[in-house]
Amino acid sequence: MSRRLLTSCLALLLLATGAAASGRAMTLSTGGQTFAIPARSAPTLDERMMPDEWGAGLRLLFSDGGELRLLESDGALCLGIGENFEGLTTTSVFLERDGVVSILHASGSLGTARYAQAGDRWVLVQPFAWAPYGVTTQSAAAQNARQTYFARNGWLANLGSMTTTQGIEVKVVLAAGTYRLAVAYLCSADWSRAAVCPMDVSDDAGNGLLLRANAPDSMTLHFAPRTWMTLEVPGE
């Protein structure tokens with residue numbers, strides 16, 4: 001086989017491998033525009049939002065100037081959240097589908113809560129359950145705890161207590177379908193002000209008690225998912 005032919009075959013193999021690795025093509029609609037979410041290898045969820053990991057990601061801004069990057073990797077949505085302040089972080093990803101809002105919370109631990117729509121309000125149907133605690137290193141034990149959490153819950157993030165860069169990296173596995181998406185974090189000056197994406201979110205996705213995971217179970221919440229971003233996850 002000639003060197004030119006061998007090179008061409010290798011190039012075709014790499015293209016085929018890349019297509020297989022990219023999985024499903026996700027799209028995000030916001031502000032009247034629709035964007036393709038680039039497919040790449042999954043970033044390492046270690047707080048360091050490296051350019052070679054996130055540089056190709058779809059870039060959006062938070063209301064305080066923070067940055068959100070979005071990638072797709074093998075059917076999972078990856079979110080890189082660059083928060084615009086110094087200090088510990090408390091961050092939530094909101095995903096709505098079929099009248100249920102799932103809140104993926106990362107701070108000193110990870111937890112998922114779910115609220116179901118009941119008329120014009122939303123009621124708690126699954127309270128937060130917290131794990132893992134104190135997993136802030138890259139040791140084998142810590143990595144095992146993270147992977148156990150991911151296998152059980154379908155999502156993973158580095159802890160807010162782990163970051164020194166105000167970077168939160170999230171990976172969540174999603175079934176095919178249409179979702180509404182919002183992301184919020186508390187700004188650290190007094191923990192009373194939230195930064196949100198998209199920037200015009202004005203519902204309880206920016207509620208300080210909820211973002212601290214301190215909302216009483218009986219608290220009436222109001223979400224307006226139609227004002228969030230629309231995420232399309234196609235089938236195989």
# chains A, B, ... in the order shown; residues from 1 in each chain; ligands from 1
$ residues_around --residues "Glu67 (chain A)" --least-positions-apart "5" --cutoff "12 Å" --atoms "only C-alpha atoms" --output "list of chain:residue names"
A:Met49, A:Trp54, A:Gly55, A:Gly57, A:Leu58, A:Arg59, A:Leu60, A:Leu61, A:Phe62, A:Leu79, A:Gly80, A:Ile81, A:Gly82, A:Glu83, A:Asn84, A:Phe85, A:Gln166, A:Gly167, A:Ile168, A:Glu169, A:Val183, A:Ala184, A:Tyr185, A:Ala195, A:Val196, A:Cys197, A:Pro198, A:Met199
$ select_by_dssp --residues "region 164-234 of chain A" --states "strand (DSSP E)" --output "number ranges by chain"
A: 167-173, 177-186, 194-197, 229-233
$ closest_residue --among "A:Leu211, A:Trp122, A:Asp203, A:Met219" --to "Ser107 (chain A)" --atoms "only C-alpha atoms"
A:Leu211
$ closest_residue --among "A:Ser92, A:Gln117, A:Ser41, A:Ser192" --to "His105 (chain A)" --atoms "only C-alpha atoms"
A:Ser92
$ residues_around --residues "Ala176 (chain A)" --least-positions-apart "2" --cutoff "6 Å" --atoms "only C-alpha atoms" --output "number ranges by chain"
A: 233-235
$ closest_residue --among "A:Val135, A:Val170, A:Leu71, A:Ala213" --to "Ala113 (chain A)" --atoms "only C-alpha atoms"
A:Ala213
$ residues_around --residues "Val125 (chain A)" --least-positions-apart "5" --cutoff "8 Å" --atoms "only C-alpha atoms" --output "count of residues only"
4
$ closest_residue --among "A:Val93, A:Val173, A:Leu70, A:Val101" --to "Gln126 (chain A)" --atoms "only C-alpha atoms"
A:Val101
$ atom_distance --atom1 "CA of Ala25 (chain A)" --atom2 "CA of Ser63 (chain A)"
27.2 Å
$ atom_distance --atom1 "CA of Trp130 (chain A)" --atom2 "CA of Asn153 (chain A)"
11.3 Å
$ residues_around --residues "Phe150 (chain A)" --least-positions-apart "6" --cutoff "12 Å" --atoms "only C-alpha atoms" --output "mmCIF file with all heavy atoms, in the first residue's frame"
data_model
loop_
_atom_site.group_PDB
_atom_site.id
_atom_site.type_symbol
_atom_site.label_atom_id
_atom_site.label_comp_id
_atom_site.auth_asym_id
_atom_site.auth_seq_id
_atom_site.Cartn_x
_atom_site.Cartn_y
_atom_site.Cartn_z
ATOM 1 N N LEU A 45 -13.793 16.418 34.941
ATOM 2 C CA LEU A 45 -14.548 17.263 35.862
ATOM 3 C C LEU A 45 -13.695 17.582 37.088
ATOM 4 O O LEU A 45 -13.888 17.044 38.179
ATOM 5 C CB LEU A 45 -15.854 16.566 36.268
ATOM 6 C CG LEU A 45 -16.732 16.051 35.115
ATOM 7 C CD1 LEU A 45 -18.035 15.476 35.654
ATOM 8 C CD2 LEU A 45 -17.009 17.131 34.091
ATOM 9 N N ALA A 76 -24.097 12.626 26.262
ATOM 10 C CA ALA A 76 -24.182 13.370 27.518
ATOM 11 C C ALA A 76 -23.977 14.856 27.240
ATOM 12 O O ALA A 76 -23.193 15.243 26.373
ATOM 13 C CB ALA A 76 -23.140 12.874 28.514
ATOM 14 N N LEU A 110 -23.261 16.971 46.266
ATOM 15 C CA LEU A 110 -24.127 16.945 45.094
ATOM 16 C C LEU A 110 -25.498 16.424 45.500
ATOM 17 O O LEU A 110 -25.608 15.554 46.374
ATOM 18 C CB LEU A 110 -23.546 16.028 44.007
ATOM 19 C CG LEU A 110 -22.136 16.327 43.515
ATOM 20 C CD1 LEU A 110 -21.717 15.305 42.447
ATOM 21 C CD2 LEU A 110 -22.024 17.744 42.959
ATOM 22 N N GLY A 111 -26.531 16.951 44.849
ATOM 23 C CA GLY A 111 -27.867 16.473 45.138
ATOM 24 C C GLY A 111 -28.824 16.815 44.014
ATOM 25 O O GLY A 111 -28.604 17.768 43.269
ATOM 26 N N THR A 112 -29.890 16.036 43.915
ATOM 27 C CA THR A 112 -30.934 16.264 42.912
ATOM 28 C C THR A 112 -32.280 16.399 43.612
ATOM 29 O O THR A 112 -32.636 15.549 44.431
ATOM 30 C CB THR A 112 -31.013 15.091 41.915
ATOM 31 O OG1 THR A 112 -29.730 14.870 41.319
ATOM 32 C CG2 THR A 112 -32.033 15.379 40.825
ATOM 33 N N ALA A 131 -24.710 13.425 48.433
ATOM 34 C CA ALA A 131 -23.525 12.564 48.306
ATOM 35 C C ALA A 131 -22.787 13.030 47.052
ATOM 36 O O ALA A 131 -23.403 13.613 46.155
ATOM 37 C CB ALA A 131 -23.926 11.085 48.164
ATOM 38 N N PRO A 132 -21.496 12.806 46.974
ATOM 39 C CA PRO A 132 -20.591 12.396 48.054
ATOM 40 C C PRO A 132 -20.063 13.626 48.787
ATOM 41 O O PRO A 132 -20.047 14.720 48.241
ATOM 42 C CB PRO A 132 -19.461 11.722 47.277
ATOM 43 C CG PRO A 132 -19.412 12.470 45.978
ATOM 44 C CD PRO A 132 -20.830 12.894 45.675
ATOM 45 N N GLN A 143 -12.110 9.200 43.009
ATOM 46 C CA GLN A 143 -12.596 8.914 41.661
ATOM 47 C C GLN A 143 -13.649 7.812 41.676
ATOM 48 O O GLN A 143 -14.654 7.880 40.950
ATOM 49 C CB GLN A 143 -11.419 8.507 40.754
ATOM 50 C CG GLN A 143 -10.417 9.621 40.493
ATOM 51 C CD GLN A 143 -10.928 10.643 39.492
ATOM 52 O OE1 GLN A 143 -12.120 10.892 39.374
ATOM 53 N NE2 GLN A 143 -10.017 11.237 38.756
ATOM 54 N N ASN A 144 -13.442 6.809 42.501
ATOM 55 C CA ASN A 144 -14.417 5.723 42.610
ATOM 56 C C ASN A 144 -15.747 6.247 43.167
ATOM 57 O O ASN A 144 -16.824 5.862 42.689
ATOM 58 C CB ASN A 144 -13.876 4.621 43.511
ATOM 59 C CG ASN A 144 -14.831 3.436 43.594
ATOM 60 O OD1 ASN A 144 -15.093 2.767 42.601
ATOM 61 N ND2 ASN A 144 -15.337 3.178 44.794
ATOM 62 N N LEU A 156 -22.904 14.190 37.096
ATOM 63 C CA LEU A 156 -21.756 14.371 37.977
ATOM 64 C C LEU A 156 -21.220 15.779 37.786
ATOM 65 O O LEU A 156 -21.332 16.364 36.702
ATOM 66 C CB LEU A 156 -20.668 13.341 37.645
ATOM 67 C CG LEU A 156 -19.422 13.320 38.536
ATOM 68 C CD1 LEU A 156 -19.784 12.886 39.957
ATOM 69 C CD2 LEU A 156 -18.371 12.371 37.955
ATOM 70 N N ALA A 157 -20.637 16.333 38.855
ATOM 71 C CA ALA A 157 -19.964 17.633 38.793
ATOM 72 C C ALA A 157 -18.853 17.644 39.830
ATOM 73 O O ALA A 157 -18.882 16.866 40.794
ATOM 74 C CB ALA A 157 -20.945 18.767 39.061
ATOM 75 N N ASN A 158 -17.883 18.520 39.640
ATOM 76 C CA ASN A 158 -16.947 18.759 40.735
ATOM 77 C C ASN A 158 -17.652 19.583 41.802
ATOM 78 O O ASN A 158 -18.599 20.329 41.529
ATOM 79 C CB ASN A 158 -15.680 19.463 40.250
ATOM 80 C CG ASN A 158 -15.933 20.847 39.669
ATOM 81 O OD1 ASN A 158 -16.503 20.954 38.575
ATOM 82 N ND2 ASN A 158 -15.546 21.895 40.377
ATOM 83 N N VAL A 170 -19.917 20.030 34.698
ATOM 84 C CA VAL A 170 -21.045 19.128 34.901
ATOM 85 C C VAL A 170 -21.197 18.230 33.681
ATOM 86 O O VAL A 170 -21.028 18.680 32.542
ATOM 87 C CB VAL A 170 -22.367 19.919 35.116
ATOM 88 C CG1 VAL A 170 -23.528 18.972 35.410
ATOM 89 C CG2 VAL A 170 -22.210 20.955 36.214
ATOM 90 N N LYS A 171 -21.542 16.965 33.936
ATOM 91 C CA LYS A 171 -21.858 16.024 32.858
ATOM 92 C C LYS A 171 -23.149 15.329 33.236
ATOM 93 O O LYS A 171 -23.281 14.785 34.331
ATOM 94 C CB LYS A 171 -20.741 14.995 32.693
ATOM 95 C CG LYS A 171 -20.995 13.947 31.606
ATOM 96 C CD LYS A 171 -19.824 12.968 31.513
ATOM 97 C CE LYS A 171 -20.082 11.903 30.457
ATOM 98 N NZ LYS A 171 -18.953 10.923 30.401
ATOM 99 N N VAL A 172 -24.139 15.369 32.313
ATOM 100 C CA VAL A 172 -25.443 14.771 32.604
ATOM 101 C C VAL A 172 -25.912 13.964 31.397
ATOM 102 O O VAL A 172 -25.866 14.439 30.262
ATOM 103 C CB VAL A 172 -26.487 15.850 33.014
ATOM 104 C CG1 VAL A 172 -26.575 16.957 31.983
ATOM 105 C CG2 VAL A 172 -27.841 15.231 33.254
ATOM 106 N N VAL A 173 -26.340 12.740 31.651
ATOM 107 C CA VAL A 173 -26.869 11.862 30.605
ATOM 108 C C VAL A 173 -28.354 12.141 30.439
ATOM 109 O O VAL A 173 -29.098 12.161 31.422
ATOM 110 C CB VAL A 173 -26.632 10.379 30.960
ATOM 111 C CG1 VAL A 173 -27.258 9.475 29.901
ATOM 112 C CG2 VAL A 173 -25.141 10.095 31.087
#
$ atom_distance --atom1 "CA of Ala145 (chain A)" --atom2 "CA of Arg69 (chain A)"
25.5 Å
$ closest_residue --among "A:Leu181, A:Leu209, A:Leu124, A:Ala142" --to "Ser29 (chain A)" --atoms "only C-alpha atoms"
A:Leu181
